[in-house]
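Trainee: What follows is the file model.txt, containing compact mmCIF, C-alpha atoms:
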```
# COMPACT_ATOMS: atom_id res chain seq x y z
CA MET A 73 -27.28 104.99 260.03
CA SER A 74 -25.05 102.75 257.86
CA TYR A 75 -21.34 102.57 258.56
CA PHE A 76 -20.49 104.22 255.23
CA LEU A 77 -22.88 107.17 255.78
CA SER A 78 -21.51 107.65 259.30
CA ARG A 79 -17.96 107.53 257.96
CA PHE A 80 -18.75 110.09 255.29
CA LEU A 81 -20.28 112.49 257.81
CA ASN A 82 -17.37 112.05 260.19
CA ARG A 83 -14.90 112.78 257.38
CA TYR A 84 -16.91 115.86 256.34
CA ASN A 85 -16.86 117.19 259.90
CA GLN A 86 -13.12 116.59 260.13
CA CYS A 87 -12.62 118.78 257.07
CA GLY A 88 -14.70 121.74 258.28
CA LEU A 89 -13.45 125.24 257.57
CA THR A 90 -12.83 126.57 261.01
CA ALA A 91 -9.54 128.36 261.45
CA LEU A 92 -8.22 125.58 263.65
CA VAL A 93 -9.04 122.85 261.14
CA VAL A 94 -7.65 124.89 258.24
CA LEU A 95 -4.41 125.27 260.17
CA THR A 96 -4.43 121.53 260.88
CA ILE A 97 -4.98 120.73 257.21
CA ILE A 98 -2.08 122.97 256.21
CA MET A 99 0.27 121.41 258.73
CA TRP A 100 -0.81 117.78 258.71
CA GLY A 101 -3.21 117.09 255.83
CA CYS A 102 -6.85 116.16 256.42
CA GLY A 103 -6.10 112.63 257.59
CA GLY A 104 -3.29 113.50 259.97
CA ARG A 105 -0.46 112.76 257.58
CA PRO A 106 2.71 114.58 258.64
CA GLN A 107 4.73 116.54 256.13
CA PRO A 108 8.13 115.08 255.27
CA ALA A 109 10.83 115.60 257.87
CA ASN A 110 14.06 117.14 256.58
CA GLU A 111 12.63 116.95 253.08
CA GLN A 112 15.45 118.81 251.35
CA PHE A 113 18.02 116.28 252.55
CA VAL A 114 15.83 113.35 251.55
CA ILE A 115 15.27 114.62 248.01
CA GLN A 116 18.94 115.36 247.32
CA SER A 117 20.27 112.06 248.70
CA ILE A 118 20.68 109.05 246.41
CA PRO A 119 19.89 105.55 247.72
CA VAL A 120 22.71 103.13 247.03
CA ALA A 121 21.95 100.02 249.08
CA LEU A 122 19.52 98.22 251.36
CA ILE A 123 20.79 96.96 254.73
CA LEU A 124 18.87 94.33 256.64
CA GLU A 125 17.43 95.46 259.97
CA LYS A 126 15.16 92.47 260.66
CA GLU A 127 14.12 89.27 258.91
CA ILE A 128 10.86 87.57 259.89
CA ARG A 129 10.26 84.04 258.70
CA GLY A 130 9.28 80.60 259.97
CA ARG A 131 6.56 79.99 262.54
CA ILE A 132 4.59 83.02 263.65
CA LEU A 133 1.57 82.55 265.93
CA GLY A 134 1.46 78.81 265.34
CA GLN A 135 1.97 78.73 261.58
CA SER A 136 4.87 79.27 259.21
CA ILE A 137 4.81 82.30 256.95
CA LYS A 138 4.14 81.07 253.44
CA ALA A 139 4.15 83.21 250.29
CA PRO A 140 3.39 86.62 251.86
CA THR A 141 1.61 88.82 249.35
CA GLY A 142 0.71 92.20 250.88
CA LEU A 143 1.86 94.85 253.33
CA ALA A 144 0.43 97.92 255.03
CA VAL A 145 1.82 100.27 257.69
CA ASP A 146 -0.43 102.74 259.52
CA ARG A 147 0.62 106.11 260.91
CA ARG A 148 1.20 104.59 264.37
CA GLY A 149 3.84 102.28 262.94
CA THR A 150 1.68 99.15 263.14
CA LEU A 151 2.44 96.68 260.33
CA PHE A 152 0.00 94.25 258.73
CA LEU A 153 1.18 91.35 256.59
CA VAL A 154 -0.96 89.25 254.26
CA ASP A 155 0.33 85.70 254.66
CA GLY A 156 -1.24 84.52 251.43
CA GLY A 157 -0.13 80.90 251.55
CA SER A 158 -1.72 80.49 254.99
CA ASN A 159 -4.87 82.53 254.19
CA ARG A 160 -4.32 84.94 257.03
CA VAL A 161 -3.39 88.50 257.98
CA ILE A 162 -0.84 89.06 260.77
CA TRP A 163 -0.78 92.15 263.00
CA PHE A 164 2.68 93.30 264.18
CA ASN A 165 3.28 96.05 266.71
CA THR A 166 5.89 98.79 266.30
CA ASP A 167 8.58 96.43 267.64
CA LEU A 168 7.59 93.89 264.95
CA VAL A 169 6.20 91.48 267.51
CA ALA A 170 3.24 89.51 266.14
CA LEU A 171 0.17 90.21 268.27
CA ARG A 172 -2.66 88.52 266.45
CA SER A 173 -3.69 86.91 263.19
CA ILE A 174 -6.98 86.39 261.40
CA GLU A 175 -7.04 83.06 259.57
CA GLY A 176 -9.40 82.04 256.82
CA ALA A 177 -9.65 79.53 253.98
CA THR A 178 -13.43 79.81 254.25
CA THR A 179 -16.41 81.78 252.95
CA ARG A 180 -17.49 82.78 256.47
CA SER A 181 -17.84 86.50 257.14
CA GLY A 182 -14.68 88.07 258.48
CA LEU A 183 -12.40 85.34 257.16
CA PHE A 184 -10.63 84.79 253.84
CA ASP A 185 -10.00 82.70 250.82
CA GLU A 186 -6.86 83.85 248.99
CA PRO A 187 -6.33 87.28 250.56
CA ARG A 188 -4.01 89.31 248.33
CA SER A 189 -3.50 92.82 249.62
CA VAL A 190 -4.22 95.09 252.55
CA THR A 191 -4.46 98.80 253.32
CA VAL A 192 -5.31 101.07 256.25
CA ASP A 193 -7.72 104.00 255.99
CA GLU A 194 -7.61 107.38 257.75
CA ASP A 195 -9.65 106.02 260.67
CA LEU A 196 -7.04 103.27 261.16
CA ASN A 197 -9.46 100.62 259.88
CA LEU A 198 -7.93 97.70 258.02
CA TRP A 199 -9.17 96.65 254.56
CA VAL A 200 -8.32 93.28 252.99
CA ALA A 201 -8.85 92.29 249.34
CA ASP A 202 -10.31 88.79 249.71
CA ALA A 203 -9.84 87.52 246.16
CA GLY A 204 -11.22 84.01 246.55
CA ASN A 205 -14.49 85.28 248.00
CA ARG A 206 -14.62 88.31 245.67
CA ARG A 207 -15.14 90.77 248.49
CA LEU A 208 -13.48 93.41 250.63
CA VAL A 209 -13.30 92.78 254.36
CA GLN A 210 -12.98 95.56 256.93
CA TYR A 211 -11.61 95.42 260.46
CA SER A 212 -11.01 97.89 263.25
CA GLU A 213 -7.50 98.97 264.24
CA ARG A 214 -7.48 96.02 266.66
CA MET A 215 -8.51 93.59 263.91
CA GLU A 216 -12.12 93.24 265.03
CA PHE A 217 -14.50 92.47 262.17
CA ILE A 218 -16.64 95.45 261.10
CA ASP A 219 -18.13 94.86 257.67
CA GLU A 220 -17.59 93.45 254.21
CA ILE A 221 -18.39 94.55 250.67
CA ASP A 222 -19.58 91.78 248.35
CA LEU A 223 -18.38 92.41 244.80
CA HIS A 224 -20.53 89.67 243.25
CA ASP A 225 -23.29 90.63 240.86
CA ASP A 226 -25.50 87.61 240.13
CA ASN A 227 -27.13 89.44 237.24
CA ASN A 228 -23.81 90.26 235.62
CA PRO A 229 -20.99 87.94 236.72
CA LEU A 230 -18.48 89.89 234.59
CA SER A 231 -19.16 93.22 236.33
CA PHE A 232 -16.30 92.68 238.75
CA GLY A 233 -13.70 89.96 238.90
CA HIS A 234 -11.33 89.16 241.75
CA PRO A 235 -9.99 92.05 243.87
CA ASP A 236 -6.24 92.46 244.04
CA GLY A 237 -4.53 95.76 244.96
CA ILE A 238 -6.42 98.10 247.27
CA ALA A 239 -6.05 101.69 248.52
CA VAL A 240 -8.30 104.13 250.38
CA SER A 241 -8.25 107.91 249.90
CA LYS A 242 -8.35 110.32 252.83
CA PHE A 243 -11.99 111.10 251.97
CA GLY A 244 -13.05 107.45 252.11
CA GLU A 245 -13.13 106.39 248.45
CA THR A 246 -11.83 102.85 248.00
CA TYR A 247 -9.77 101.94 244.94
CA VAL A 248 -9.69 98.24 244.06
CA VAL A 249 -7.83 96.46 241.26
CA ASP A 250 -10.27 94.38 239.21
CA SER A 251 -7.67 91.86 238.06
CA ASP A 252 -9.99 89.98 235.69
CA ASN A 253 -11.03 93.09 233.75
CA ASP A 254 -7.76 95.10 233.84
CA ARG A 255 -9.20 98.18 235.53
CA ILE A 256 -9.52 100.02 238.83
CA ALA A 257 -12.95 100.19 240.47
CA VAL A 258 -13.62 103.24 242.63
CA LEU A 259 -16.10 102.66 245.46
CA ASN A 260 -17.80 105.62 247.12
CA THR A 261 -18.20 106.06 250.87
CA PHE A 262 -21.34 103.89 250.76
CA GLY A 263 -19.36 100.94 249.37
CA LYS A 264 -20.90 101.17 245.88
CA ILE A 265 -18.94 101.26 242.63
CA ASP A 266 -18.92 104.86 241.43
CA ARG A 267 -16.64 104.66 238.39
CA PHE A 268 -13.75 102.80 236.78
CA VAL A 269 -10.22 103.96 235.97
CA GLY A 270 -8.11 102.52 233.15
CA ASP A 271 -10.98 100.59 231.57
CA PHE A 272 -11.31 99.84 227.84
CA GLY A 273 -11.22 103.08 225.87
CA TYR A 274 -9.91 105.09 228.84
CA PRO A 275 -8.06 108.26 227.72
CA GLY A 276 -4.30 107.79 227.80
CA GLY A 277 -4.44 104.05 227.21
CA ASN A 278 -5.84 100.99 228.91
CA LEU A 279 -4.37 99.26 231.92
CA ASP A 280 -2.97 95.78 231.36
CA GLU A 281 -2.57 93.52 234.40
CA PRO A 282 -2.74 96.31 237.01
CA ALA A 283 -1.25 95.26 240.34
CA GLY A 284 -0.26 97.22 243.45
CA MET A 285 -1.42 100.76 244.22
CA THR A 286 -0.78 103.55 246.67
CA ILE A 287 -2.13 107.03 247.35
CA ASP A 288 0.15 109.94 248.25
CA ARG A 289 -0.56 112.85 250.60
CA HIS A 290 -2.06 114.85 247.71
CA ASP A 291 -4.59 112.05 247.09
CA HIS A 292 -2.90 111.13 243.81
CA LEU A 293 -3.19 107.47 242.85
CA TYR A 294 -0.17 105.45 241.67
CA VAL A 295 -0.99 102.20 239.85
CA CYS A 296 1.50 99.52 238.78
CA ASP A 297 0.47 98.79 235.19
CA ALA A 298 2.47 95.57 234.98
CA GLY A 299 1.46 94.48 231.49
CA ASN A 300 2.47 97.86 230.05
CA HIS A 301 5.75 98.02 232.05
CA ARG A 302 4.91 101.34 233.69
CA VAL A 303 3.41 103.10 236.70
CA MET A 304 0.43 105.35 236.06
CA LEU A 305 -0.22 108.46 238.14
CA TYR A 306 -3.81 109.74 238.39
CA ASP A 307 -5.45 112.69 240.12
CA ASP A 308 -8.31 112.19 242.58
CA ARG A 309 -10.88 112.06 239.76
CA GLY A 310 -8.99 109.53 237.66
CA GLY A 311 -7.39 112.00 235.27
CA ILE A 312 -3.93 111.01 234.06
CA ILE A 313 -1.11 113.16 235.44
CA ARG A 314 1.83 111.23 234.02
CA GLU A 315 3.27 107.78 233.45
CA ILE A 316 6.54 106.54 234.87
CA THR A 317 8.43 104.37 232.41
CA HIS A 318 11.98 103.12 232.03
CA GLU A 319 13.69 100.37 230.07
CA THR A 320 14.55 98.61 233.34
CA LEU A 321 10.89 98.18 234.32
CA ASP A 322 9.65 94.70 233.47
CA GLU A 323 6.58 93.93 235.59
CA PRO A 324 6.09 96.55 238.32
CA GLY A 325 4.05 94.93 241.07
CA SER A 326 4.14 97.35 243.99
CA VAL A 327 4.74 101.04 244.59
CA ALA A 328 5.45 103.11 247.70
CA ILE A 329 6.15 106.81 248.31
CA ASP A 330 8.91 107.87 250.70
CA ARG A 331 8.94 110.93 252.95
CA GLY A 332 10.60 113.01 250.24
CA GLY A 333 7.95 112.21 247.63
CA ARG A 334 10.12 109.77 245.69
CA VAL A 335 8.47 106.78 244.05
CA TRP A 336 9.78 103.30 244.85
CA VAL A 337 8.71 100.59 242.40
CA LEU A 338 9.17 96.87 243.04
CA ASP A 339 9.61 94.73 239.93
CA ARG A 340 8.20 91.30 240.66
CA VAL A 341 10.11 89.57 237.83
CA THR A 342 13.61 91.00 238.16
CA SER A 343 13.27 91.46 241.97
CA LEU A 344 14.82 94.92 241.56
CA ILE A 345 13.55 97.98 243.42
CA HIS A 346 13.71 101.19 241.40
CA CYS A 347 13.62 104.66 242.94
CA PHE A 348 12.18 107.49 240.82
CA SER A 349 11.97 111.18 241.53
CA ALA A 350 8.55 112.77 241.96
CA ASP A 351 8.85 113.84 238.31
CA GLY A 352 9.39 110.27 237.14
CA GLU A 353 13.17 110.33 236.59
CA LEU A 354 15.09 107.21 237.62
CA VAL A 355 17.26 108.00 240.64
CA ALA A 356 18.66 104.61 241.61
CA THR A 357 18.11 100.85 241.57
CA VAL A 358 18.72 98.52 244.52
CA GLY A 359 18.51 94.76 245.01
CA PRO A 360 17.96 91.93 244.50
CA MET A 361 20.80 91.25 246.97
CA ILE A 362 20.44 92.97 250.32
CA SER A 363 23.35 93.49 252.68
CA GLY A 364 23.05 91.15 255.66
CA VAL A 365 20.81 88.62 253.87
CA ALA A 366 22.21 85.35 252.52
CA THR A 367 19.57 84.90 249.82
CA ALA A 368 18.55 87.41 247.16
CA LEU A 369 14.95 88.56 246.78
CA ARG A 370 12.83 86.08 244.83
CA ASN A 371 9.51 87.12 243.30
CA PRO A 372 8.78 89.76 245.96
CA SER A 373 5.24 91.10 245.88
CA ASP A 374 4.93 94.27 247.98
CA VAL A 375 6.84 97.14 249.58
CA ALA A 376 5.85 99.70 252.21
CA PHE A 377 7.62 102.31 254.32
CA THR A 378 7.64 102.13 258.09
CA THR A 379 7.22 105.28 260.16
CA GLU A 380 11.01 105.25 260.72
CA GLY A 381 11.61 105.38 256.97
CA HIS A 382 12.70 101.74 256.66
CA LEU A 383 11.56 99.73 253.67
CA ALA A 384 9.45 96.63 254.38
CA ILE A 385 9.45 93.94 251.68
CA SER A 386 7.20 90.89 251.40
CA ASP A 387 9.64 88.45 249.80
CA THR A 388 7.10 85.98 248.48
CA GLY A 389 9.45 83.43 246.92
CA ASN A 390 11.50 83.15 250.11
CA ASP A 391 8.51 83.08 252.52
CA ARG A 392 9.73 86.01 254.59
CA LEU A 393 9.26 89.63 255.58
CA LEU A 394 12.31 91.90 255.43
CA ILE A 395 12.75 95.27 257.13
CA CYS A 396 15.59 97.20 255.51
CA ARG A 397 17.41 100.42 256.23
CA ILE A 398 18.20 102.54 253.19
CA MET A 399 21.79 103.67 252.79
CA TYR A 400 22.37 106.87 250.85
CA GLU A 401 25.40 108.11 248.97
CA ASP A 402 26.58 110.27 251.88
CA ALA A 403 26.35 107.18 254.17
CA ARG A 404 23.55 108.72 256.24
CA PRO A 405 20.34 106.68 256.65
CA GLU A 406 16.99 108.31 255.95
```
Just dump the structure as structure tokens.
Mentor:
Amino acid sequence: MSYFLSRFLNRYNQCGLTALVVLTIIMWGCGGRPQPANEQFVIQSIPVALILEKEIRGRILGQSIKAPTGLAVDRRGTLFLVDGGSNRVIWFNTDLVALRSIEGATTRSGLFDEPRSVTVDEDLNLWVADAGNRRLVQYSERMEFIDEIDLHDDNNPLSFGHPDGIAVSKFGETYVVDSDNDRIAVLNTFGKIDRFVGDFGYPGGNLDEPAGMTIDRHDHLYVCDAGNHRVMLYDDRGGIIREITHETLDEPGSVAIDRGGRVWVLDRVTSLIHCFSADGELVATVGPMISGVATALRNPSDVAFTTEGHLAISDTGNDRLLICRIMYEDARPE
């Protein structure tokens, strides 16, 4: 049985309709995602500043961090960083101690050439968008190589370009930014392209330079539509729910959802981080200066929330990873 068929059957069994599983789905969501803690407080508070908790830069596991490009945090609190300039992915534990890295600059299976982004699925498997090799690479939760999906099509070289942003739904569908064709490819649980989102002629307008993505606990997809200066929100079938726009958005490059359902958008040109309500209203803007850091953000590429509610930022132009506490207007951290 192929990995993808096995994964589909396992996911189906996890979502059975016994009373116990129904109760689990109500309380946790199918993939074990907890509901927001103290949600009312989180929604009503207004973020006013970022305060540095930890800065990671310089030599890590024998090499210096260079132009980090992607972040992912799993539900255990494990953090994965794409160190794009060094063609590697670094695994950090919950104390932000680097445990292991996978290094590439090759076409060999399980290694990379220009990795760009990373995500973690509901089974805690790691997925890396390996742009230079035009493939997706999958690892176990301990970064052991499992499989890869080749996106080449020798009969039609324009069918898929170079993968960029990546996200996996709780039912195993994989969303991948096709950066050359300005669209999102949706791969089914067998690793085959099922459909495209935001392609030419797509209802609601075409995507232009799509970048980072994320999926919320309702399986809604948020896509940074950088060329159109907006974030698009889709349902699980690719139908448009709404767009998030504001005059301050220049080139949104990454998006993350906090525990209260608010939408945090990183602008890779202005280095500002905008916080929007779940309805798309601008709540606050923070950055590019961060309290406790001598140098302002410079061309940052990705943001993600830790399990403690801290904001992790891959600050590409400064070759560093920042972990920041969010200060709210009542001076209480999230």
Trainee: Using only C-alpha atoms, can you tell me which of A:Gly310, A:Met304, A:Val200, A:Val375 comes closest to Val337 (chain A)?
Mentor: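 Closest to Val337 (chain A), using only C-alpha atoms: A:Val375.
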Trainee: Give me, please, the distance in Å between CA of Asp202 (chain A) and CA of Asp219 (chain A), quoted to one decimal.
Mentor: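 Taking CA of Asp202 (chain A) as the start and CA of Asp219 (chain A) as the end point, the length is 12.7 Å.
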Trainee: As an exercise, work out the distance from CA of Thr357 (chain A) to CA of Thr379 (chain A) in Å and give it to one decimal place.
Mentor: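 Between CA of Thr357 (chain A) and CA of Thr379 (chain A) the gap is 22.0 Å.
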Trainee: With all atoms listed in the file as the basis for distance, which of A:Val295, A:Ile118, A:Leu223, A:Leu153 is at the shortest distance from Asp254 (chain A)?
Mentor: A:Val295
Trainee: Could you give me, as an MDAnalysis selection string, the residues that have an atom at most 8 Å away from the point (-11.8, 85.9, 245.6) in the coordinates of the file, using only C-alpha atoms?
Mentor: chainID A and resid 185:187 201:207 234:235
Trainee: Any idea what the distance is between CA of Pro282 (chain A) and CA of Asp297 (chain A)?
Mentor: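 Separating CA of Pro282 (chain A) from CA of Asp297 (chain A) is a distance of 4.4 Å.
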Trainee: Write out as a list in words each polymer residue whose atoms come within 9 Å of Pro372 (chain A), counting all atoms listed in the file; drop sequence neighbours fewer than 6 positions from it.
Mentor: Pro140, Thr141, Gly325, Leu338, Asp339, Arg340, Val341, Ser343, Ile385, Ser386, Asp387, Thr388, Gly389 and Asn390 of chain A
